[in-house]
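**Q** Structure file structure-v9.cif (mmCIF, C-alpha atoms and all ligand atoms) right here:
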```
data_my_file
loop_
_atom_site.label_atom_id
_atom_site.label_comp_id
_atom_site.auth_asym_id
_atom_site.auth_seq_id
_atom_site.Cartn_x
_atom_site.Cartn_y
_atom_site.Cartn_z
CA MET A 2 29.30 -22.74 3.50
CA ASP A 3 30.78 -24.53 0.47
CA LYS A 4 27.46 -26.27 0.01
CA LEU A 5 25.62 -23.00 -0.59
CA SER A 6 23.89 -22.85 -3.91
CA THR A 7 25.18 -20.06 -6.12
CA VAL A 8 23.07 -17.53 -7.97
CA ILE A 9 24.96 -16.43 -11.07
CA LEU A 10 24.00 -13.05 -12.44
CA LYS A 11 23.69 -12.18 -16.10
CA PRO A 12 26.43 -10.06 -17.65
CA GLY A 13 25.80 -6.39 -16.82
CA GLU A 14 23.65 -7.14 -13.80
CA ALA A 15 26.40 -7.21 -11.18
CA ASP A 16 27.24 -3.51 -10.99
CA ARG A 17 24.11 -2.51 -9.12
CA VAL A 18 24.75 -5.21 -6.53
CA ALA A 19 28.44 -4.36 -6.31
CA GLY A 20 27.37 -0.74 -5.80
CA GLY A 21 25.41 -1.72 -2.71
CA HIS A 22 21.85 -2.40 -3.90
CA PRO A 23 20.61 -5.55 -2.14
CA TRP A 24 17.72 -6.50 -4.44
CA ILE A 25 18.15 -9.01 -7.26
CA TYR A 26 15.19 -9.55 -9.57
CA GLN A 27 14.48 -12.75 -11.47
CA GLY A 28 15.43 -11.06 -14.73
CA SER A 29 18.97 -10.46 -13.49
CA ILE A 30 19.63 -14.10 -12.73
CA LEU A 31 21.42 -16.30 -15.25
CA ARG A 32 21.13 -19.53 -13.31
CA LEU A 33 21.28 -21.30 -9.98
CA THR A 34 24.04 -23.89 -9.55
CA GLN A 35 21.81 -26.20 -7.51
CA PRO A 36 18.24 -26.10 -6.26
CA VAL A 37 17.67 -24.07 -3.13
CA GLU A 38 14.79 -23.94 -0.74
CA ASP A 39 12.81 -20.69 -0.57
CA GLY A 40 14.04 -18.65 2.38
CA GLY A 41 17.47 -20.29 2.26
CA LEU A 42 20.85 -18.63 1.95
CA VAL A 43 22.65 -18.46 -1.40
CA GLN A 44 25.92 -17.00 -2.54
CA ILE A 45 25.84 -14.52 -5.39
CA LYS A 46 28.43 -14.31 -8.15
CA ASP A 47 28.77 -12.39 -11.37
CA HIS A 48 28.97 -14.26 -14.66
CA ARG A 49 32.75 -14.44 -14.31
CA GLN A 50 32.30 -16.25 -10.98
CA ARG A 51 33.43 -13.31 -8.83
CA LEU A 52 31.76 -13.34 -5.43
CA LEU A 53 29.31 -10.48 -4.77
CA GLY A 54 28.02 -11.68 -1.43
CA VAL A 55 25.40 -13.88 0.23
CA GLY A 56 21.67 -13.37 0.53
CA PHE A 57 18.24 -14.88 1.10
CA TYR A 58 16.57 -16.57 -1.86
CA ASN A 59 12.83 -16.73 -2.54
CA SER A 60 11.51 -17.97 -5.88
CA LYS A 61 8.01 -16.70 -4.96
CA SER A 62 9.09 -13.09 -4.66
CA LYS A 63 9.75 -10.58 -7.43
CA ILE A 64 12.90 -9.80 -5.49
CA GLN A 65 14.41 -13.26 -5.72
CA VAL A 66 17.55 -12.55 -3.75
CA ARG A 67 18.11 -10.04 -0.97
CA VAL A 68 21.79 -9.52 -0.37
CA LEU A 69 22.74 -9.65 3.29
CA ALA A 70 26.52 -9.38 3.23
CA ARG A 71 29.19 -8.58 0.69
CA ASP A 72 31.35 -11.51 1.76
CA ARG A 73 30.72 -15.10 2.83
CA VAL A 74 29.25 -15.02 6.33
CA GLU A 75 27.28 -17.39 8.50
CA VAL A 76 23.84 -15.96 9.13
CA ASP A 77 23.50 -16.75 12.81
CA ASP A 78 22.98 -14.96 16.14
CA ALA A 79 26.45 -13.39 15.94
CA PHE A 80 25.71 -11.99 12.49
CA PHE A 81 22.47 -10.36 13.64
CA ALA A 82 24.10 -9.13 16.86
CA GLY A 83 26.85 -7.43 14.83
CA ARG A 84 24.45 -5.75 12.43
CA ILE A 85 22.02 -4.65 15.13
CA GLN A 86 24.78 -3.34 17.40
CA ALA A 87 26.15 -1.33 14.48
CA ALA A 88 22.66 0.07 13.89
CA VAL A 89 22.35 1.02 17.56
CA ALA A 90 25.77 2.71 17.47
CA TRP A 91 24.63 4.80 14.49
CA ARG A 92 21.57 5.97 16.47
CA GLN A 93 23.68 6.79 19.50
CA LYS A 94 25.94 8.86 17.31
CA TYR A 95 23.34 10.70 15.23
CA LEU A 96 20.23 10.64 17.42
CA PRO A 97 21.73 10.82 20.90
CA GLY A 98 19.39 10.78 23.85
CA ALA A 99 16.41 9.34 21.97
CA THR A 100 14.57 6.63 23.89
CA SER A 101 12.06 5.75 21.18
CA PHE A 102 13.46 5.30 17.69
CA ARG A 103 13.79 2.93 14.77
CA VAL A 104 16.53 0.46 15.72
CA VAL A 105 16.77 -1.27 12.36
CA ASN A 106 15.57 0.28 9.12
CA ALA A 107 15.84 -2.60 6.67
CA GLU A 108 18.03 -1.70 3.67
CA GLY A 109 19.23 1.47 5.43
CA ASP A 110 20.92 -0.78 7.99
CA PHE A 111 21.89 -3.52 5.53
CA LEU A 112 19.18 -5.86 6.80
CA SER A 113 16.71 -5.98 3.91
CA GLY A 114 13.39 -7.32 5.17
CA LEU A 115 13.76 -6.31 8.83
CA ILE A 116 12.35 -3.35 10.71
CA VAL A 117 12.71 -2.96 14.46
CA ASP A 118 11.18 -0.01 16.31
CA LYS A 119 11.84 0.78 19.96
CA TYR A 120 9.00 2.36 21.90
CA GLU A 121 10.66 2.90 25.27
CA GLU A 122 10.80 -0.61 26.77
CA VAL A 123 8.85 -2.34 24.03
CA LEU A 124 10.30 -3.42 20.70
CA VAL A 125 8.15 -3.95 17.62
CA ILE A 126 9.50 -5.94 14.71
CA GLN A 127 8.41 -6.50 11.12
CA THR A 128 9.91 -9.15 8.87
CA SER A 129 8.93 -8.61 5.26
CA SER A 130 11.02 -11.27 3.52
CA LEU A 131 10.76 -15.02 3.88
CA GLY A 132 14.46 -15.43 4.69
CA MET A 133 14.33 -12.80 7.41
CA ASP A 134 11.07 -14.19 8.76
CA ARG A 135 12.71 -17.57 9.24
CA HIS A 136 15.33 -15.97 11.49
CA LYS A 137 12.81 -14.30 13.77
CA ALA A 138 13.84 -16.43 16.74
CA ALA A 139 17.52 -15.48 16.40
CA ILE A 140 16.62 -11.81 15.96
CA THR A 141 14.40 -11.95 19.04
CA ARG A 142 17.22 -13.51 21.12
CA VAL A 143 19.68 -10.87 19.98
CA LEU A 144 17.26 -8.02 20.71
CA GLU A 145 16.57 -9.41 24.17
CA ASN A 146 20.30 -9.47 24.87
CA ILE A 147 20.94 -5.95 23.67
CA PHE A 148 17.90 -4.19 25.11
CA GLN A 149 16.34 -6.42 27.83
CA PRO A 150 12.97 -5.13 26.61
CA ARG A 151 9.74 -5.57 28.52
CA ALA A 152 8.23 -7.14 25.40
CA ILE A 153 8.95 -7.79 21.75
CA LEU A 154 5.91 -7.60 19.49
CA GLU A 155 5.60 -8.72 15.93
CA ARG A 156 3.56 -6.40 13.71
CA ASN A 157 3.58 -8.58 10.64
CA ASP A 158 0.08 -7.60 9.66
CA MET A 159 1.06 -5.82 6.44
CA SER A 160 -0.38 -7.01 3.16
CA SER A 161 2.99 -6.77 1.41
CA ARG A 162 3.94 -10.01 3.16
CA SER A 163 1.87 -11.84 0.56
CA PHE A 164 4.48 -10.93 -2.08
CA GLU A 165 6.82 -13.28 -0.22
CA GLY A 166 4.21 -15.97 0.38
CA LEU A 167 3.99 -15.00 4.05
CA PRO A 168 0.77 -14.81 6.11
CA GLU A 169 -0.29 -11.72 8.06
CA VAL A 170 0.40 -12.27 11.74
CA GLN A 171 0.62 -10.22 14.87
CA GLY A 172 1.60 -11.23 18.40
CA ILE A 173 4.04 -11.21 21.25
CA LEU A 174 7.42 -12.85 20.58
CA ALA A 175 8.90 -12.29 24.03
CA GLY A 176 7.93 -10.80 27.39
CA SER A 177 4.53 -9.30 28.07
CA LEU A 178 2.81 -5.98 27.70
CA GLY A 179 0.76 -6.06 30.85
CA GLU A 180 2.68 -4.52 33.71
CA GLY A 181 4.72 -1.66 32.36
CA GLN A 182 5.84 1.45 34.12
CA PRO A 183 5.32 4.90 32.66
CA PRO A 184 8.52 6.33 31.19
CA VAL A 185 8.67 9.03 33.84
CA ALA A 186 7.58 8.97 37.45
CA GLY A 187 3.93 9.93 37.59
CA GLY A 188 3.60 9.37 33.87
CA GLY A 189 0.63 10.58 31.92
CA PRO A 190 -3.03 10.20 32.68
CA GLU A 191 -3.09 6.44 32.41
CA GLY A 192 0.52 5.56 33.08
CA GLY A 193 2.45 2.68 31.54
CA THR A 194 0.85 0.24 29.18
CA ASP A 195 -2.81 -0.45 29.26
CA ALA A 196 -3.03 -4.16 28.59
CA ALA A 197 -6.51 -4.05 27.09
CA SER A 198 -5.81 -1.49 24.39
CA ARG A 199 -2.04 -2.06 24.22
CA ARG A 200 -1.45 1.66 24.31
CA SER A 201 1.89 2.76 25.60
CA TRP A 202 3.64 5.95 26.46
CA ILE A 203 6.61 7.08 24.50
CA ARG A 204 8.84 10.11 24.87
CA ILE A 205 9.77 12.05 21.79
CA ASN A 206 11.96 15.12 22.28
CA ASP A 207 10.83 15.20 25.92
CA LEU A 208 7.16 15.23 25.02
CA GLU A 209 4.92 12.31 25.85
CA PHE A 210 2.79 10.58 23.25
CA PHE A 211 0.44 7.63 23.38
CA VAL A 212 1.01 4.95 20.82
CA ASN A 213 -1.22 2.06 20.03
CA LEU A 214 1.30 -0.71 19.53
CA THR A 215 -1.09 -3.19 18.00
CA ALA A 216 -3.15 -1.02 15.70
CA GLY A 217 -1.21 2.15 14.95
CA HIS A 218 -0.06 3.38 11.55
CA LYS A 219 3.19 1.69 10.56
CA THR A 220 4.42 0.15 13.81
CA GLY A 221 2.66 2.84 15.85
CA PHE A 222 4.20 6.28 15.38
CA TYR A 223 5.91 8.43 12.74
CA LEU A 224 9.35 8.08 14.24
CA ASP A 225 10.92 9.36 11.02
CA GLN A 226 9.75 12.90 11.84
CA GLN A 227 11.42 13.02 15.26
CA VAL A 228 14.09 15.56 14.27
CA ASN A 229 11.78 17.45 11.92
CA TYR A 230 9.32 18.03 14.76
CA ARG A 231 12.06 19.98 16.52
CA ARG A 232 13.18 21.82 13.41
CA VAL A 233 9.70 22.88 12.32
CA ALA A 234 8.93 23.94 15.91
CA GLU A 235 11.80 26.44 15.61
CA LEU A 236 9.55 28.31 13.17
CA ALA A 237 6.55 28.32 15.48
CA LYS A 238 7.40 30.79 18.22
CA GLY A 239 4.68 33.44 18.37
CA ALA A 240 3.01 31.93 15.31
CA ARG A 241 -0.56 31.10 14.47
CA VAL A 242 -0.18 27.59 13.15
CA LEU A 243 -2.28 25.40 10.86
CA ASP A 244 -1.22 21.74 11.13
CA CYS A 245 -2.70 19.79 8.21
CA PHE A 246 -2.80 15.98 8.38
CA CYS A 247 -1.90 16.24 12.07
CA PHE A 248 -2.45 12.57 13.01
CA GLN A 249 -1.80 12.38 16.76
CA GLY A 250 -0.42 15.88 17.01
CA GLY A 251 3.32 15.39 16.49
CA PHE A 252 3.95 18.78 14.91
CA SER A 253 1.18 20.52 16.85
CA LEU A 254 2.57 19.64 20.26
CA HIS A 255 6.09 20.60 19.34
CA ALA A 256 4.83 23.91 17.96
CA ALA A 257 2.80 24.53 21.11
CA ARG A 258 5.79 23.91 23.33
CA ALA A 259 7.91 26.22 21.17
CA GLY A 260 5.54 29.08 21.90
CA ALA A 261 3.00 29.12 19.10
CA VAL A 262 0.14 31.50 19.84
CA SER A 263 -2.49 29.13 18.48
CA ILE A 264 -2.59 25.85 16.64
CA HIS A 265 -5.44 24.58 14.54
CA ALA A 266 -4.90 20.94 13.63
CA LEU A 267 -6.78 18.99 10.97
CA ASP A 268 -7.11 15.29 10.27
CA GLN A 269 -9.86 13.17 8.80
CA SER A 270 -9.47 10.50 11.49
CA GLN A 271 -11.51 11.23 14.60
CA GLU A 272 -9.57 8.57 16.46
CA ALA A 273 -6.24 10.23 15.64
CA LEU A 274 -7.66 13.59 16.76
CA ASP A 275 -8.92 12.13 20.05
CA THR A 276 -5.41 10.86 20.74
CA ALA A 277 -3.89 14.17 19.64
CA ARG A 278 -6.13 16.00 22.09
CA GLN A 279 -5.17 13.58 24.88
CA ASN A 280 -1.50 14.01 24.02
CA ALA A 281 -1.86 17.78 24.22
CA GLU A 282 -3.55 17.49 27.62
CA ALA A 283 -0.96 15.04 28.95
CA ASN A 284 1.78 17.53 28.10
CA HIS A 285 -0.18 20.52 29.47
CA LEU A 286 -0.16 22.07 26.02
CA SER A 287 -3.83 22.00 25.12
CA GLY A 288 -4.36 25.71 25.83
CA GLY A 289 -3.91 27.10 22.34
CA CYS A 290 -4.73 23.92 20.42
CA THR A 291 -7.91 23.18 18.52
CA PHE A 292 -8.44 19.92 16.67
CA GLU A 293 -10.93 19.55 13.85
CA ALA A 294 -12.03 16.47 11.95
CA ALA A 295 -11.96 17.43 8.30
CA ASN A 296 -10.81 16.39 4.88
CA VAL A 297 -7.87 18.74 4.39
CA PHE A 298 -8.65 19.23 0.69
CA ASP A 299 -12.21 20.30 1.47
CA TRP A 300 -11.19 22.44 4.42
CA LEU A 301 -8.51 24.31 2.49
CA LYS A 302 -10.89 24.86 -0.39
CA ALA A 303 -13.64 26.16 1.87
CA HIS A 304 -11.21 28.54 3.57
CA THR A 305 -9.69 29.93 0.38
CA THR A 306 -12.75 30.32 -1.77
CA THR A 307 -13.91 33.91 -1.92
CA ARG A 308 -16.98 35.64 -3.25
CA PRO A 309 -16.55 38.10 -6.14
CA ASN A 310 -14.61 41.18 -4.94
CA GLU A 311 -13.95 39.58 -1.57
CA LYS A 312 -10.30 39.58 -0.55
CA LEU A 313 -8.89 36.64 1.34
CA ILE A 314 -7.14 37.69 4.53
CA PRO A 315 -4.41 35.21 5.34
CA LYS A 316 -4.58 34.18 8.98
CA PHE A 317 -1.66 31.87 9.58
CA ASP A 318 2.04 32.42 10.17
CA LEU A 319 2.98 28.77 9.75
CA VAL A 320 1.17 26.10 7.75
CA ILE A 321 2.40 22.51 8.10
CA LEU A 322 1.55 19.97 5.40
CA ASP A 323 2.42 16.35 6.17
CA PRO A 324 0.05 14.28 4.05
CA PRO A 325 0.14 10.53 3.54
CA SER A 326 1.80 9.32 0.37
CA PHE A 327 -0.45 10.24 -2.58
CA THR A 328 1.20 7.62 -4.80
CA ARG A 329 1.09 3.86 -4.65
CA ASN A 330 2.90 3.34 -7.89
CA ARG A 331 4.30 5.18 -10.87
CA SER A 332 0.99 5.40 -12.68
CA SER A 333 -0.54 7.45 -9.88
CA ILE A 334 2.18 10.12 -10.03
CA PRO A 335 0.22 12.65 -12.16
CA GLU A 336 -2.76 12.49 -9.83
CA ALA A 337 -0.48 12.79 -6.81
CA MET A 338 1.17 15.87 -8.30
CA ARG A 339 -2.24 17.48 -8.74
CA GLY A 340 -2.93 16.75 -5.08
CA TYR A 341 0.35 18.29 -3.95
CA LYS A 342 -0.24 21.33 -6.12
CA GLU A 343 -3.73 21.83 -4.77
CA ILE A 344 -2.78 21.78 -1.09
CA HIS A 345 0.22 24.05 -1.61
CA LEU A 346 -1.71 26.54 -3.70
CA ARG A 347 -4.27 26.88 -0.95
CA ALA A 348 -1.71 26.84 1.87
CA PHE A 349 0.13 29.75 0.22
CA LYS A 350 -3.09 31.74 0.14
CA LEU A 351 -3.60 31.19 3.86
CA VAL A 352 -0.12 32.29 4.92
CA ARG A 353 0.54 35.89 5.79
CA PRO A 354 3.38 37.57 3.88
CA GLY A 355 6.58 36.64 5.65
CA GLY A 356 5.01 33.49 7.09
CA THR A 357 6.18 29.96 6.44
CA VAL A 358 4.93 26.75 4.86
CA ALA A 359 6.66 23.59 6.12
CA THR A 360 5.82 20.72 3.85
CA PHE A 361 6.62 17.02 3.51
CA CYS A 362 6.32 14.33 0.89
CA CYS A 363 6.75 10.69 1.89
CA SER A 364 6.34 9.14 -1.55
CA HIS A 365 9.52 7.71 -2.99
CA HIS A 366 8.03 8.04 -6.50
CA VAL A 367 8.16 11.81 -6.07
CA ASP A 368 11.71 12.96 -5.50
CA ALA A 369 12.82 16.22 -3.92
CA GLY A 370 13.25 17.87 -7.33
CA MET A 371 9.75 16.98 -8.50
CA PHE A 372 8.32 17.98 -5.16
CA GLN A 373 9.91 21.42 -5.21
CA GLU A 374 8.86 21.86 -8.84
CA VAL A 375 5.18 21.31 -8.05
CA ILE A 376 5.45 23.61 -5.03
CA LEU A 377 6.85 26.33 -7.30
CA GLU A 378 3.99 25.86 -9.75
CA ALA A 379 1.54 26.30 -6.88
CA ALA A 380 3.38 29.41 -5.68
CA PHE A 381 3.24 30.84 -9.20
CA ASP A 382 -0.51 30.29 -9.40
CA ALA A 383 -0.97 31.80 -5.94
CA ARG A 384 1.19 34.80 -7.01
CA ARG A 385 3.65 34.20 -4.21
CA VAL A 386 7.44 34.21 -4.20
CA LEU A 387 9.18 31.66 -2.00
CA ARG A 388 12.42 31.76 -0.16
CA ARG A 389 13.69 28.41 1.07
CA VAL A 390 14.30 28.29 4.79
CA ALA A 391 15.07 24.61 5.31
CA ALA A 392 15.28 21.21 3.64
CA TYR A 393 14.25 18.18 5.63
CA GLN A 394 15.04 14.50 5.49
CA PRO A 395 14.06 11.52 7.64
CA SER A 396 15.48 11.40 11.15
CA PRO A 397 18.85 9.62 11.35
CA ASP A 398 17.21 6.44 12.65
CA HIS A 399 15.92 6.02 9.07
CA PRO A 400 19.29 6.03 7.31
CA VAL A 401 19.33 6.71 3.60
CA VAL A 402 21.72 4.73 1.42
CA PRO A 403 21.96 6.66 -1.86
CA ALA A 404 22.86 3.48 -3.75
CA ILE A 405 19.38 2.24 -2.85
CA PRO A 406 16.94 4.81 -4.26
CA GLU A 407 14.06 3.01 -2.52
CA SER A 408 15.53 3.98 0.87
CA GLU A 409 14.92 7.60 -0.10
CA TYR A 410 11.31 8.55 0.57
CA LEU A 411 10.70 11.37 3.05
CA LYS A 412 11.70 14.84 1.97
CA GLY A 413 10.48 18.24 2.99
CA PHE A 414 11.07 21.96 2.79
CA ALA A 415 10.19 25.08 4.66
CA PHE A 416 9.55 28.16 2.55
CA GLU A 417 9.09 31.73 3.60
CA VAL A 418 6.15 33.00 1.59
CA LEU A 419 6.40 36.51 0.18
CA ALA A 420 3.56 38.40 -1.41
N1 LIG B 501 2.00 14.66 10.72
C1 LIG B 501 1.68 13.39 11.33
C2 LIG B 501 1.65 12.24 10.34
C3 LIG B 501 0.64 12.39 9.27
S1 LIG B 501 0.19 10.88 8.57
C4 LIG B 501 2.71 13.09 12.40
O1 LIG B 501 3.81 13.60 12.32
O2 LIG B 501 2.43 12.29 13.28
C5 LIG B 501 -1.10 11.31 7.54
C6 LIG B 501 -2.39 11.63 8.26
O3 LIG B 501 -3.24 12.18 7.27
C7 LIG B 501 -3.15 10.48 8.86
O4 LIG B 501 -3.40 10.76 10.21
C8 LIG B 501 -4.47 10.40 8.08
O5 LIG B 501 -5.59 10.15 8.92
C9 LIG B 501 -4.58 11.79 7.54
N2 LIG B 501 -5.28 11.97 6.26
C10 LIG B 501 -5.14 11.28 5.11
N3 LIG B 501 -5.86 11.84 4.12
C11 LIG B 501 -6.48 12.93 4.66
C12 LIG B 501 -7.35 13.95 4.15
N4 LIG B 501 -7.71 13.96 2.87
N5 LIG B 501 -7.77 14.90 4.99
C13 LIG B 501 -7.39 14.90 6.29
N6 LIG B 501 -6.57 13.98 6.83
C14 LIG B 501 -6.11 13.01 6.02
#
```
The structure in this file should be written as C-alpha cells.
**A**
Amino acid sequence: MDKLSTVILKPGEADRVAGGHPWIYQGSILRLTQPVEDGGLVQIKDHRQRLLGVGFYNSKSKIQVRVLARDRVEVDDAFFAGRIQAAVAWRQKYLPGATSFRVVNAEGDFLSGLIVDKYEEVLVIQTSSLGMDRHKAAITRVLENIFQPRAILERNDMSSRSFEGLPEVQGILAGSLGEGQPPVAGGGPEGGTDAASRRSWIRINDLEFFVNLTAGHKTGFYLDQQVNYRRVAELAKGARVLDCFCFQGGFSLHAARAGAVSIHALDQSQEALDTARQNAEANHLSGGCTFEAANVFDWLKAHTTTRPNEKLIPKFDLVILDPPSFTRNRSSIPEAMRGYKEIHLRAFKLVRPGGTVATFCCSHHVDAGMFQEVILEAAFDARRVLRRVAAYQPSPDHPVVPAIPESEYLKGFAFEVLA
C-alpha cells in the first residue's frame, strides 16, 4: 500500500472529491509522485498532502482518476464483496421483493465504472473503466458467491468503452444460458431461456417480460422504471391510455392490469412492438391493447392537426410520454427542449379535461426544473392549466447521490390537465 503512487490535486480541486464526487479530470491534477500503469490503483491527496482516498488511474481517459474509497483500502475480492453486499442490502430495504433489478449502479453505489443487472437467475455486467475492467474476474467470483447465478454475461459492447481505451466485447463470464427454468412453474409461451436468441423471462411487479440479454437496450430492460410502472398504473383504472415510446410495453402492461379500458401503444421499432405484443399475450392482458409502429412526433401531429373550424375532441384519459434522451451533449439542449415542448403540446390536446399526462425525461442535461418549465410552456400554448399529481424518480435500484450530478438523470411528473 505504501508503494502506491500518489495523485496530488491542485489547490481548490479537493473539495469536490471530499464532497463525494469520484471523478478527477486531468486539469485537477497537480502531479503524480511516481509513474503508474493505466488501470492501476493510486492514492489521492490534496496539495497539503491530506489523504482523500484511493482510486483507479487511467492516463487515456478524460476522467483520469475514479475514486473508489475515501480511505486506504486493498482493492480485492473482500472489497468488492463488501460494496456489492451493501448494494444488495439497499435494494432489499428499498425495493423489497424484486427479483430483477440493478444490483450495482456505478457511482450510485460507489463503484464508478461498474454496472450489474440481475435478470432473475442471470447477471449482466458492464465495466466502463479500465481499472474496473481489470477486476472483472474478482467481481465475477464475488457475484457467483452472493447470487449463485445461472450465468454471468458481460455486455461490454458500448462505444463509450473507447474513451478508456477498451475494446467492445460481449460474452459469458460464468455459467451458461442454455438450460434455464422459467421463473414460475409453467412460465410463459416459451419458458426459460431460449439459447439461440438468448431471450429470457423476467418478472417485474409480478408481470412477465421477455428480455433479450445479448441485444437489448442498455443491458436488456428499463429496470429504472420498475416503481414508476406501478405508480403510473395507479392513474390508469378505467382510463383510455396512449402509451408513447412504449418499447416492450412496460407501462402498457401495468396500465392494462390496473384496469385501463383501452391502451394504444406507439413505438417506431417494430421489433420492440412485436415483443410488447407477446408480453401482453403472455400476461393475458392483450384484450384492450393495440400496438402501432409509428414515429411519435408524426403520429401526434397527425392526430392533433385540425381543418379550419374543426374542433379536436380529446380521446384519452392518460397519455404516457417516455421518450429516449433527446440530448447527447449540452449543445443539443435547445433542440431537445423543442422536442419536449412539441410532444407535450400535442399530448395536452389529446387529453380530456381532468385526464392525466405522465411524462419522463432521462437526459441528465435537462434537470427537473428545466423539464417542468418546458412542460408549462407547452401547456400555455395548448391553453391548458396543469395540476401536479406526482413527481417521479428512478427506482431505488438506481440510487442518486446528489453530490454526483451525473447520477441524476431520470425525472418525471404526472399532471392533471384542466381545460
Ligand atoms: N417506456 C419504455 C422505454 C422507452 S425507451 C419502457 O418503459 O420500457 C424509448 C423508446 O422510444 C424506444 O423503444 C425507441 O424505439 C422509441 N423511439 C425513439 N424515438 C422514437 C420516435 N421518434 N417515435 C417512436 N418511437 C421512438
**Q** Please tabulate, as a tab-separated table, the residues of region 84-142 of chain A that come within 10 Å of region 2-23 of chain A, each with its closest pair of atoms and the distance in Å to one decimal, counting all atoms listed in the file and ordering rows by chain, then residue number upward.
**A**
```
residue	atom	partner	partner_atom	distance
A:Glu108	CA	A:Pro23	CA	7.4
A:Phe111	CA	A:Pro23	CA	8.0
A:Leu112	CA	A:Pro23	CA	9.1
A:Ser113	CA	A:Pro23	CA	7.2
```
**Q** Using all atoms listed in the file, find each residue with an atom at most 9 Å away from ligand LIG 501 (chain B) and format the answer as a VMD selection string.
**A** chain A and resid 218 222 to 227 229 to 230 244 to 253 267 to 274 294 to 300 321 to 327 361
**Q** For Val375 (chain A), which residue out of A:Ile85, A:Met338, A:Leu144, A:Ala107 is the nearest one, using only C-alpha atoms?
**A** A:Met338
**Q** So, counting only C-alpha atoms, which residue among A:Tyr341, A:Phe211, A:Phe148, A:Phe317 is closest to Ala277 (chain A)?
**A**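 Once distances to Ala277 (chain A) are computed over only C-alpha atoms, the minimum belongs to A:Phe211.
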**Q** For a quick check of understanding, using only C-alpha atoms, which of A:Arg204, A:Gly40, A:Asp398, A:Lys316 has the smallest distance to Ala90 (chain A)?
**A**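 Closest to Ala90 (chain A), using only C-alpha atoms: A:Asp398.
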**Q** At a cut-off of 6 Å from (21.1, -11.6, -0.2) in the coordinates of the file, what residues are picked up using all atoms listed in the file, written as a PyMOL selection string?
**A** chain A and resi 55-57+66-69
**Q** Between CA of Leu167 (chain A) and CA of His366 (chain A), what distance in Å does the model show, to one decimal?
**A**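 Going from CA of Leu167 (chain A) over to CA of His366 (chain A) covers 25.7 Å.
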**Q** Given the choices A:Val402, A:Ser396, A:Arg278, A:Ser263, which gets closest to Arg92 (chain A) if the distance is worked out from all atoms listed in the file?
**A** A:Ser396
